[in-house]
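Structure data follow from final33.txt (compact mmCIF, C-alpha atoms):
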# COMPACT_ATOMS: atom_id res chain seq x y z
CA MET A 1 -30.56 -56.93 62.15
CA GLY A 2 -31.55 -59.51 64.72
CA VAL A 3 -29.47 -59.80 67.83
CA THR A 4 -29.73 -63.03 69.78
CA ILE A 5 -29.75 -62.47 73.53
CA GLU A 6 -28.82 -65.55 75.52
CA PRO A 7 -28.98 -65.45 79.32
CA PHE A 8 -27.26 -68.29 81.17
CA PHE A 9 -25.51 -69.18 84.38
CA LEU A 10 -21.78 -69.75 84.28
CA PRO A 11 -20.65 -72.05 87.04
CA TYR A 12 -17.62 -70.90 88.99
CA GLY A 13 -16.72 -73.01 92.00
CA PRO A 14 -19.71 -72.87 94.35
CA HIS A 15 -21.10 -69.88 92.47
CA SER A 16 -23.40 -69.31 89.52
CA LEU A 17 -22.56 -66.21 87.55
CA PHE A 18 -25.45 -64.71 85.65
CA CYS A 19 -24.34 -63.82 82.14
CA VAL A 20 -26.04 -62.43 79.08
CA PHE A 21 -24.46 -63.16 75.72
CA TYR A 22 -25.29 -60.93 72.76
CA THR A 23 -24.61 -62.27 69.27
CA CYS A 24 -25.72 -61.48 65.75
CA PRO A 25 -25.69 -64.81 63.93
CA VAL A 26 -25.87 -63.37 60.42
CA VAL A 27 -22.74 -61.28 60.92
CA GLU A 28 -19.31 -62.87 60.86
CA ALA A 29 -17.70 -62.49 64.29
CA LYS A 30 -14.38 -60.66 64.14
CA GLY A 31 -13.67 -60.52 67.84
CA CYS A 32 -15.56 -60.51 71.10
CA ILE A 33 -16.11 -58.31 74.11
CA LEU A 34 -16.33 -58.94 77.85
CA TYR A 35 -18.05 -56.33 80.01
CA PHE A 36 -17.44 -55.82 83.71
CA PRO A 37 -20.12 -53.72 85.41
CA PRO A 38 -19.74 -50.87 87.92
CA PHE A 39 -20.21 -50.94 91.67
CA ALA A 40 -23.47 -51.52 93.54
CA GLU A 41 -26.30 -49.17 92.56
CA GLU A 42 -24.34 -47.89 89.57
CA MET A 43 -24.66 -51.34 88.04
CA HIS A 44 -28.43 -51.22 88.21
CA LYS A 45 -28.72 -47.69 86.89
CA SER A 46 -26.44 -48.42 83.94
CA ARG A 47 -27.86 -51.80 82.94
CA ARG A 48 -29.87 -50.39 80.10
CA MET A 49 -26.93 -48.53 78.56
CA ALA A 50 -24.78 -51.65 78.82
CA ALA A 51 -27.48 -53.76 77.15
CA LEU A 52 -27.98 -51.22 74.36
CA GLN A 53 -24.26 -51.08 73.74
CA ALA A 54 -23.86 -54.86 73.77
CA ARG A 55 -26.51 -55.08 71.05
CA GLU A 56 -24.63 -52.59 68.92
CA PHE A 57 -21.34 -54.37 69.43
CA ALA A 58 -22.94 -57.68 68.45
CA ARG A 59 -24.40 -56.14 65.28
CA LYS A 60 -20.92 -55.08 64.28
CA GLY A 61 -19.57 -58.60 64.58
CA TYR A 62 -18.40 -58.46 68.19
CA PRO A 63 -20.40 -60.88 70.35
CA THR A 64 -20.52 -59.42 73.84
CA LEU A 65 -20.77 -61.07 77.23
CA ILE A 66 -22.21 -59.09 80.11
CA LEU A 67 -21.32 -60.55 83.47
CA ASP A 68 -22.89 -60.18 86.90
CA PRO A 69 -20.07 -60.88 89.34
CA VAL A 70 -20.67 -62.76 92.62
CA GLY A 71 -23.08 -60.96 94.91
CA CYS A 72 -24.35 -58.68 92.14
CA GLY A 73 -27.49 -58.73 90.04
CA ASP A 74 -28.75 -62.22 89.42
CA SER A 75 -25.57 -64.08 90.28
CA SER A 76 -25.32 -66.21 93.38
CA GLY A 77 -24.07 -64.89 96.66
CA ASP A 78 -24.81 -61.76 98.63
CA PHE A 79 -23.01 -58.50 98.11
CA GLU A 80 -21.27 -59.12 101.43
CA ASP A 81 -19.71 -62.26 99.94
CA ALA A 82 -17.92 -60.19 97.36
CA ASP A 83 -14.30 -59.26 97.48
CA TRP A 84 -12.08 -57.79 94.84
CA ASN A 85 -10.12 -60.96 94.16
CA LEU A 86 -13.29 -62.97 93.81
CA TRP A 87 -14.59 -60.47 91.27
CA LEU A 88 -11.34 -60.65 89.37
CA ASN A 89 -11.66 -64.40 89.26
CA CYS A 90 -15.22 -64.07 87.98
CA GLY A 91 -13.81 -61.94 85.18
CA LEU A 92 -11.13 -64.51 84.43
CA GLU A 93 -13.70 -67.29 84.35
CA ALA A 94 -15.93 -65.34 81.98
CA HIS A 95 -12.95 -64.54 79.79
CA HIS A 96 -12.04 -68.20 79.69
CA TRP A 97 -15.59 -69.12 78.62
CA LEU A 98 -15.66 -66.46 75.92
CA SER A 99 -12.28 -67.22 74.39
CA ALA A 100 -12.83 -70.98 74.48
CA LYS A 101 -16.20 -70.56 72.76
CA LEU A 102 -15.17 -68.16 70.03
CA LYS A 103 -11.37 -68.40 69.76
CA LEU A 104 -11.25 -64.76 68.78
CA PRO A 105 -9.39 -61.74 70.16
CA VAL A 106 -11.05 -60.35 73.29
CA ILE A 107 -11.72 -56.71 74.05
CA LEU A 108 -12.34 -55.86 77.71
CA TRP A 109 -14.94 -53.17 78.46
CA GLY A 110 -15.62 -51.66 81.85
CA LEU A 111 -17.73 -48.84 83.31
CA ARG A 112 -16.51 -46.90 86.37
CA THR A 113 -14.92 -49.38 88.84
CA GLY A 114 -15.33 -51.96 86.07
CA ALA A 115 -12.41 -50.18 84.39
CA LEU A 116 -10.24 -50.92 87.44
CA ILE A 117 -11.21 -54.58 87.25
CA ILE A 118 -10.55 -54.98 83.54
CA SER A 119 -7.20 -53.21 83.86
CA THR A 120 -6.20 -55.73 86.52
CA LEU A 121 -7.49 -58.60 84.37
CA ALA A 122 -5.51 -57.31 81.39
CA GLU A 123 -2.32 -57.76 83.39
CA ARG A 124 -3.10 -61.44 83.83
CA LEU A 125 -4.35 -62.25 80.35
CA VAL A 126 -2.60 -62.54 77.04
CA GLN A 127 -3.94 -61.38 73.72
CA ILE A 128 -6.26 -58.68 74.93
CA GLU A 129 -6.95 -56.67 71.84
CA ALA A 130 -7.99 -53.48 73.59
CA LEU A 131 -9.64 -51.97 76.64
CA ILE A 132 -12.72 -49.79 76.51
CA PHE A 133 -13.15 -47.49 79.50
CA TRP A 134 -16.42 -45.80 80.23
CA GLN A 135 -15.93 -43.01 82.80
CA PRO A 136 -13.18 -44.93 84.59
CA VAL A 137 -12.72 -44.59 88.32
CA LEU A 138 -9.09 -43.64 88.80
CA ASN A 139 -8.76 -44.07 92.50
CA GLY A 140 -10.53 -46.75 94.51
CA GLU A 141 -9.98 -44.88 97.78
CA LEU A 142 -11.67 -41.71 96.53
CA PHE A 143 -14.46 -43.76 95.04
CA LEU A 144 -15.08 -45.63 98.28
CA ASN A 145 -15.12 -42.35 100.24
CA GLN A 146 -17.74 -40.99 97.88
CA PHE A 147 -19.74 -44.19 98.19
CA ILE A 148 -19.62 -44.05 101.97
CA ARG A 149 -20.93 -40.52 101.75
CA ILE A 150 -24.20 -41.99 100.49
CA LYS A 151 -24.60 -43.42 103.98
CA LEU A 152 -24.06 -40.00 105.52
CA VAL A 153 -26.48 -38.36 103.14
CA ASN A 154 -29.09 -41.03 103.85
CA GLU A 155 -28.79 -40.21 107.54
CA MET A 156 -29.14 -36.54 106.78
CA LEU A 157 -32.18 -37.07 104.59
CA SER A 158 -33.95 -39.28 107.09
CA SER A 159 -33.22 -37.30 110.22
CA ASN A 160 -32.63 -33.74 108.97
CA LEU A 161 -29.60 -33.60 111.24
CA SER A 162 -25.94 -33.73 110.46
CA PRO A 163 -24.83 -37.34 110.04
CA THR A 164 -23.39 -39.24 112.99
CA SER A 165 -21.40 -41.60 110.77
CA SER A 166 -18.27 -40.30 109.22
CA VAL A 167 -16.24 -41.39 106.26
CA ARG A 168 -13.20 -41.79 108.49
CA ASN A 169 -15.01 -43.98 111.04
CA SER A 170 -16.42 -46.18 108.32
CA VAL A 171 -13.01 -46.64 106.72
CA GLU A 172 -11.44 -47.41 110.08
CA SER A 173 -14.14 -49.97 110.68
CA LEU A 174 -13.42 -51.64 107.34
CA GLU A 175 -9.69 -51.68 108.00
CA ALA A 176 -10.36 -53.25 111.40
CA GLY A 177 -12.05 -56.20 109.70
CA ASN A 178 -15.70 -55.18 109.88
CA SER A 179 -18.31 -54.95 107.15
CA ILE A 180 -20.11 -51.65 106.76
CA GLU A 181 -23.57 -51.00 105.40
CA VAL A 182 -24.07 -48.25 102.85
CA GLY A 183 -27.39 -47.60 101.16
CA GLY A 184 -28.51 -51.21 101.57
CA TYR A 185 -25.19 -52.71 100.45
CA MET A 186 -23.02 -54.62 102.94
CA ILE A 187 -19.43 -53.98 102.00
CA SER A 188 -17.12 -56.62 103.38
CA SER A 189 -13.85 -55.61 104.93
CA SER A 190 -11.91 -57.41 102.21
CA LEU A 191 -13.82 -55.71 99.38
CA GLY A 192 -13.50 -52.28 100.95
CA THR A 193 -9.82 -52.53 101.82
CA GLN A 194 -8.88 -53.99 98.45
CA LEU A 195 -10.87 -51.33 96.58
CA ARG A 196 -9.13 -48.61 98.60
CA LYS A 197 -5.75 -49.82 97.41
CA THR A 198 -6.64 -49.98 93.74
CA LYS A 199 -5.44 -47.14 91.54
CA LEU A 200 -5.65 -47.03 87.80
CA GLN A 201 -2.22 -45.43 87.47
CA GLU A 202 -0.71 -48.62 88.87
CA LEU A 203 -2.38 -50.70 86.17
CA PRO A 204 -0.96 -49.44 82.89
CA PRO A 205 -2.20 -51.70 80.12
CA THR A 206 -0.18 -53.09 77.25
CA ALA A 207 -3.14 -53.05 74.85
CA PRO A 208 -4.63 -49.83 73.44
CA VAL A 209 -7.20 -48.03 75.58
CA TYR A 210 -10.33 -46.36 74.24
CA TRP A 211 -11.35 -43.99 77.00
CA PHE A 212 -14.77 -42.33 77.11
CA GLU A 213 -16.07 -39.75 79.57
CA ILE A 214 -19.17 -37.62 79.83
CA SER A 215 -17.85 -34.13 79.28
CA ASP A 216 -19.50 -30.91 78.18
CA ASP A 217 -16.39 -29.50 76.57
CA GLY A 218 -15.17 -32.76 75.12
CA LYS A 219 -12.10 -32.79 77.35
CA PRO A 220 -11.09 -35.27 80.03
CA SER A 221 -11.30 -34.30 83.70
CA ASP A 222 -8.06 -32.88 85.11
CA ALA A 223 -7.25 -36.12 86.90
CA SER A 224 -7.96 -38.23 83.82
CA LEU A 225 -5.90 -35.95 81.63
CA LYS A 226 -2.92 -36.36 83.92
CA LEU A 227 -3.11 -40.14 83.75
CA ILE A 228 -3.70 -40.18 80.00
CA GLN A 229 -0.61 -38.03 79.52
CA ASN A 230 1.38 -40.28 81.84
CA TRP A 231 0.38 -43.41 79.98
CA THR A 232 0.97 -41.80 76.60
CA GLU A 233 4.49 -40.88 77.67
CA LYS A 234 5.03 -44.52 78.57
CA GLY A 235 4.11 -45.47 75.02
CA ILE A 236 0.61 -46.73 75.78
CA LYS A 237 -1.92 -45.89 73.09
CA VAL A 238 -4.83 -44.01 74.64
CA GLU A 239 -7.64 -42.58 72.53
CA PHE A 240 -9.90 -40.25 74.49
CA GLN A 241 -13.37 -39.02 73.63
CA GLY A 242 -15.55 -36.72 75.70
CA LEU A 243 -19.27 -36.99 74.97
CA SER A 244 -22.03 -34.73 76.15
CA GLY A 245 -24.70 -36.38 78.21
CA VAL A 246 -25.82 -37.31 81.67
CA ASN A 247 -24.04 -39.47 84.25
CA PHE A 248 -26.36 -42.37 83.52
CA TRP A 249 -24.73 -44.64 86.14
CA SER A 250 -25.91 -42.35 88.95
CA SER A 251 -28.92 -40.43 87.67
CA SER A 252 -32.20 -40.97 89.46
CA GLU A 253 -34.08 -41.47 86.19
CA LEU A 254 -32.95 -44.08 83.67
CA GLU A 255 -30.92 -42.22 81.09
CA THR A 256 -29.44 -43.13 77.75
CA CYS A 257 -26.41 -41.48 76.21
CA GLN A 258 -26.72 -41.94 72.46
CA PRO A 259 -23.44 -40.17 71.62
CA LEU A 260 -21.57 -42.64 73.84
CA LEU A 261 -23.23 -45.62 72.16
CA LYS A 262 -22.34 -44.28 68.74
CA ALA A 263 -18.76 -43.41 69.61
CA SER A 264 -18.07 -46.72 71.33
CA THR A 265 -19.50 -48.70 68.41
CA GLN A 266 -17.34 -46.73 66.00
CA VAL A 267 -14.22 -47.83 67.87
CA LEU A 268 -14.74 -51.32 66.49
CA GLU A 269 -13.97 -50.04 63.04
CA TYR A 270 -10.36 -49.52 64.13
CA PHE A 271 -10.06 -53.25 64.56
CA SER A 272 -11.69 -54.16 61.30
CA ASN A 273 -9.48 -51.73 59.39
CA PRO A 274 -6.15 -51.72 61.22
CA MET B 1 -25.51 -12.78 99.37
CA PRO B 2 -23.70 -15.00 96.86
CA ASN B 3 -22.78 -13.33 93.63
CA PRO B 4 -24.85 -14.17 90.55
CA LEU B 5 -21.96 -15.91 88.83
CA LEU B 6 -21.54 -18.35 91.71
CA THR B 7 -25.28 -19.01 91.79
CA ASP B 8 -25.21 -19.71 88.06
CA GLN B 9 -22.37 -22.16 88.54
CA ILE B 10 -24.28 -23.94 91.30
CA ILE B 11 -27.42 -24.07 89.14
CA SER B 12 -25.34 -25.49 86.31
CA ILE B 13 -24.01 -28.27 88.53
CA LEU B 14 -27.49 -29.04 89.86
CA SER B 15 -29.08 -29.06 86.40
CA LYS B 16 -26.42 -31.34 85.03
CA THR B 17 -26.47 -33.89 87.83
CA LEU B 18 -30.23 -33.95 88.14
CA ASN B 19 -30.90 -33.62 84.40
CA LEU B 20 -33.37 -30.81 84.97
CA HIS B 21 -33.35 -29.44 81.44
CA ASN B 22 -37.02 -30.19 81.02
CA LEU B 23 -38.21 -28.20 84.04
CA THR B 24 -40.94 -25.72 83.13
CA THR B 25 -39.45 -23.20 85.54
CA PRO B 26 -35.67 -23.32 85.45
CA LEU B 27 -33.85 -23.25 88.76
CA ASN B 28 -33.16 -19.85 90.20
CA GLN B 29 -31.74 -18.49 93.40
CA ASP B 30 -34.96 -18.98 95.34
CA SER B 31 -35.60 -22.54 94.19
CA LEU B 32 -36.07 -25.05 96.96
CA LEU B 33 -34.03 -28.22 96.75
CA LEU B 34 -34.31 -30.85 99.50
CA GLY B 35 -37.81 -32.20 99.66
CA ALA B 36 -38.91 -30.14 96.67
CA LEU B 37 -37.01 -31.98 93.93
CA PRO B 38 -37.77 -35.69 93.71
CA GLU B 39 -34.60 -36.20 91.66
CA LEU B 40 -32.52 -35.20 94.66
CA ASP B 41 -31.92 -38.66 96.10
CA SER B 42 -28.84 -39.63 98.10
CA MET B 43 -26.75 -40.62 95.08
CA ALA B 44 -27.60 -37.27 93.47
CA VAL B 45 -26.59 -35.36 96.60
CA VAL B 46 -23.27 -37.23 96.67
CA SER B 47 -22.72 -36.45 92.96
CA ILE B 48 -23.40 -32.77 93.58
CA ILE B 49 -21.01 -32.68 96.54
CA THR B 50 -18.32 -34.34 94.42
CA ASP B 51 -18.89 -31.97 91.51
CA ILE B 52 -18.70 -28.95 93.82
CA GLU B 53 -15.47 -30.26 95.35
CA ASP B 54 -13.96 -30.91 91.93
CA LYS B 55 -15.00 -27.56 90.53
CA PHE B 56 -14.09 -25.29 93.43
CA GLY B 57 -11.16 -27.30 94.75
CA PHE B 58 -12.11 -27.63 98.42
CA ILE B 59 -13.12 -30.60 100.54
CA ILE B 60 -16.61 -30.80 101.98
CA HIS B 61 -16.42 -32.36 105.42
CA ASP B 62 -18.89 -34.85 106.85
CA ASP B 63 -20.42 -32.34 109.25
CA GLU B 64 -21.03 -29.91 106.41
CA ILE B 65 -23.32 -32.40 104.72
CA SER B 66 -26.42 -30.99 106.34
CA ALA B 67 -30.00 -30.45 105.33
CA ASP B 68 -29.62 -26.71 105.98
CA ASN B 69 -27.02 -26.35 103.25
CA PHE B 70 -29.20 -28.19 100.76
CA GLN B 71 -32.44 -26.37 101.52
CA SER B 72 -32.32 -24.13 98.48
CA VAL B 73 -30.11 -22.87 95.70
CA ALA B 74 -29.42 -19.79 97.83
CA SER B 75 -28.38 -21.80 100.89
CA LEU B 76 -26.11 -24.02 98.80
CA SER B 77 -24.54 -21.01 97.10
CA ASN B 78 -24.01 -19.34 100.48
CA PHE B 79 -22.34 -22.47 101.77
CA VAL B 80 -19.96 -22.56 98.78
CA ARG B 81 -19.32 -18.81 99.11
CA ASN B 82 -18.34 -19.26 102.77
CA LYS B 83 -16.04 -22.20 101.93
CA LEU B 84 -14.32 -20.14 99.24
CA ASP B 85 -13.87 -17.27 101.66
CA GLU B 86 -12.03 -19.63 104.00
CA PHE B 87 -9.13 -19.86 101.58

Give the structure from the file, written as structure tokens.
Amino acid sequence: MGVTIEPFFLPYGPHSLFCVFYTCPVVEAKGCILYFPPFAEEMHKSRRMAALQAREFARKGYPTLILDPVGCGDSSGDFEDADWNLWLNCGLEAHHWLSAKLKLPVILWGLRTGALIISTLAERLVQIEALIFWQPVLNGELFLNQFIRIKLVNEMLSSNLSPTSSVRNSVESLEAGNSIEVGGYMISSSLGTQLRKTKLQELPPTAPVYWFEISDDGKPSDASLKLIQNWTEKGIKVEFQGLSGVNFWSSSELETCQPLLKASTQVLEYFSNP
Amino acid sequence: MPNPLLTDQIISILSKTLNLHNLTTPLNQDSLLLGALPELDSMAVVSIITDIEDKFGFIIHDDEISADNFQSVASLSNFVRNKLDEF
């Protein structure tokens, strides 16, 4: 079944947001999906998986919009121009475009830090049908520390000595208002400090969550399990699936996780047959 | 000398992160890592450090991220063994 792939630029203030819109014209659209990508290099490594999934969603009657936020991919601006609020606003703008165009319920889909963004967006939007999490980052502070480690490891790999940078120094520098450079990405103080404060447990959604992780034993990580239980106790519907596969957002070779594609596509059947 | 079980666990983490299932010679205790495995780029090293931290429950400090520890499977296992013995 033919999927139409339409790249375009969505204007947002002084910015141009590169978007790709996947539709399947012969299939009646039942809803639509907005995807928010992960952080920095993870976005590049996972592009293929996102594109493959968007095609499958479109084939099932869910036109999907993949967005490059400001400073990322082919959108305008440098990475240093990015801050969390600006990215949220990019998401809101894309949501506005999608719902105005189709007038159908919107599902938000996010990979890694994208899950933090869509959870924040869901608080500000009405009529979100569901959230799809792919390997959500639970804690922006932990994530940023791990990202900063790339800088340390790069130093180690290039000099064979222990790194001179430290995670703590880099964080202090961000908090003091400076940008830091990690693996070719300039992280602005506002992006870094806002990311550090963002925690998924503070963003409980009101719509159902379909939560996917790469997991050998099919179970969530300990930290994820704790949050899933917490949300479930609060009455939030969370459906978890662990799929075997490779961490395609960070692997050095381009990887595809077919089980994840299949399982995510199947989720749409819950909406067609409530 | 790290015990075989620990070495197996380290090899499992390495194989998973680096997707080494297609290697003709599977990783063993004597396998060289840094410089020998092209898949071992900085993001992979960070993933391995994170997985080790998550699995064994200790924090790896900045000054422990050294080339010596990542020379080989044996050196990495020794490093983890020593961290565990600190508890």

Interface rows for region 201-252 of chain A against region 42-58 of chain B: nearest pair, Å to one decimal, 8 Å, only C-alpha atoms, as a tab-separated table:
residue	atom	partner	partner_atom	distance
A:Ser250	CA	B:Met43	CA	6.4
A:Ser251	CA	B:Ala44	CA	6.7
A:Ser252	CA	B:Ala44	CA	7.1

Review point. So which one's closest to Leu20 (chain B), B:Leu84, B:His61, B:Thr7, B:Leu40? Using all atoms listed in the file, please.
Key: B:Leu40

Exercise for review: Find the residue from B:Ser75, B:Asn19, B:Ser12, B:Asn3 that sits nearest to Leu254 (chain A); use all atoms listed in the file when measuring.
Suggested key: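 Closest to Leu254 (chain A) of all the choices is B:Asn19.
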
Check your understanding: Within 9 Å of Leu27 (chain B), counting all atoms listed in the file, which residues qualify if same-chain residues fewer than 6 places away don't, as an MDAnalysis selection string?
Key -> chainID B and resid 11 14:15 20 73

Point to revise | chain A residues near chain B (12 Å cut-off, all atoms listed in the file) as a ChimeraX atom specification | key: /A:40-42,45,142-170,182-183,214-216,221-223,244-256

Check your understanding: Between CA of Thr232 (chain A) and CA of Trp109 (chain A), what is the distance, to one decimal in Å?
Key ->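 Computed distance, CA of Thr232 (chain A) to CA of Trp109 (chain A), equals 19.6 Å.
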
Exercise for review: Can you work out which one of A:Cys72, A:Lys103, A:Ser189, A:His96 has the shortest atom-to-atom distance to Lys30 (chain A), counting all atoms listed in the file?
Suggested key: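 Among the listed residues, A:Lys103 lies closest to Lys30 (chain A).
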
When you look at Pro105 (chain A) with a cut-off of 8 Å (counting only C-alpha atoms), what residues show up, excluding the ones that are within fewer than 5 positions of it in the same chain? I need them as a compact mmCIF listing (two decimals) with C-alpha atoms, in the coordinates of the input.
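Result saved to around34.txt:
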# COMPACT_ATOMS: atom_id res chain seq x y z
CA LYS A 30 -14.38 -60.66 64.14
CA GLY A 31 -13.67 -60.52 67.84
CA CYS A 32 -15.56 -60.51 71.10
CA SER A 99 -12.28 -67.22 74.39
CA GLN A 127 -3.94 -61.38 73.72
CA ILE A 128 -6.26 -58.68 74.93
CA GLU A 129 -6.95 -56.67 71.84

Exercise for review: Counting all atoms listed in the file, write as number ranges by chain all protein and nucleic acid residues lying at most 12 Å from (-23.1, -47.7, 76.6) in the file's frame.
Suggested key: A: 35, 37, 45-57, 66, 109-112, 132-135, 212-214, 243, 245-249, 255-265

**Study point:** Straight-line distance linking CA of Pro220 (chain A) with CA of Ala130 (chain A), stated in Å to one decimal
**Key:**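 Distance reported for this atom pair: 19.6 Å.
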
Practice item. Could you please determine the separation between CA of Tyr22 (chain A) and CA of Val238 (chain A) in Å, to one decimal place? Key: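 A separation of 26.6 Å between them.
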
Adding 6 Å on each side of the box along x, y and z that holds all listed atoms of region 52-70 of chain B, could you give its centre and edge lengths in Å to one decimal, as JSON?
{"center_x": -20.6, "center_y": -30.1, "center_z": 99.9, "size_x": 30.8, "size_y": 21.6, "size_z": 30.7}

Generate the missing atoms of region 43-57 of chain B up to N, CA and C atoms and report them as an mmCIF file, in the frame of the given file.
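Wrote it out as selection-v5.cif, contents follow:
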data_model
loop_
_atom_site.group_PDB
_atom_site.id
_atom_site.type_symbol
_atom_site.label_atom_id
_atom_site.label_comp_id
_atom_site.auth_asym_id
_atom_site.auth_seq_id
_atom_site.Cartn_x
_atom_site.Cartn_y
_atom_site.Cartn_z
ATOM 1 N N MET B 43 -27.854 -40.532 96.045
ATOM 2 C CA MET B 43 -26.750 -40.620 95.080
ATOM 3 C C MET B 43 -26.566 -39.270 94.380
ATOM 4 N N ALA B 44 -27.688 -38.575 94.124
ATOM 5 C CA ALA B 44 -27.600 -37.270 93.470
ATOM 6 C C ALA B 44 -26.900 -36.272 94.379
ATOM 7 N N VAL B 45 -27.233 -36.285 95.658
ATOM 8 C CA VAL B 45 -26.590 -35.360 96.600
ATOM 9 C C VAL B 45 -25.084 -35.611 96.631
ATOM 10 N N VAL B 46 -24.700 -36.895 96.668
ATOM 11 C CA VAL B 46 -23.270 -37.230 96.670
ATOM 12 C C VAL B 46 -22.604 -36.747 95.389
ATOM 13 N N SER B 47 -23.274 -36.931 94.236
ATOM 14 C CA SER B 47 -22.720 -36.450 92.960
ATOM 15 C C SER B 47 -22.511 -34.947 92.994
ATOM 16 N N ILE B 48 -23.496 -34.231 93.534
ATOM 17 C CA ILE B 48 -23.400 -32.770 93.580
ATOM 18 C C ILE B 48 -22.247 -32.351 94.483
ATOM 19 N N ILE B 49 -22.120 -33.001 95.635
ATOM 20 C CA ILE B 49 -21.010 -32.680 96.540
ATOM 21 C C ILE B 49 -19.680 -32.905 95.837
ATOM 22 N N THR B 50 -19.564 -34.030 95.139
ATOM 23 C CA THR B 50 -18.320 -34.340 94.420
ATOM 24 C C THR B 50 -18.039 -33.315 93.341
ATOM 25 N N ASP B 51 -19.085 -32.951 92.574
ATOM 26 C CA ASP B 51 -18.890 -31.970 91.510
ATOM 27 C C ASP B 51 -18.457 -30.628 92.070
ATOM 28 N N ILE B 52 -19.063 -30.224 93.182
ATOM 29 C CA ILE B 52 -18.700 -28.950 93.820
ATOM 30 C C ILE B 52 -17.237 -29.004 94.281
ATOM 31 N N GLU B 53 -16.869 -30.114 94.903
ATOM 32 C CA GLU B 53 -15.470 -30.260 95.350
ATOM 33 C C GLU B 53 -14.514 -30.172 94.180
ATOM 34 N N ASP B 54 -14.844 -30.888 93.098
ATOM 35 C CA ASP B 54 -13.960 -30.910 91.930
ATOM 36 C C ASP B 54 -13.853 -29.531 91.311
ATOM 37 N N LYS B 55 -14.984 -28.851 91.227
ATOM 38 C CA LYS B 55 -15.000 -27.560 90.530
ATOM 39 C C LYS B 55 -14.306 -26.472 91.344
ATOM 40 N N PHE B 56 -14.599 -26.405 92.630
ATOM 41 C CA PHE B 56 -14.090 -25.290 93.430
ATOM 42 C C PHE B 56 -12.806 -25.637 94.183
ATOM 43 N N GLY B 57 -12.450 -26.906 94.194
ATOM 44 C CA GLY B 57 -11.160 -27.300 94.750
ATOM 45 C C GLY B 57 -11.072 -27.332 96.263
#
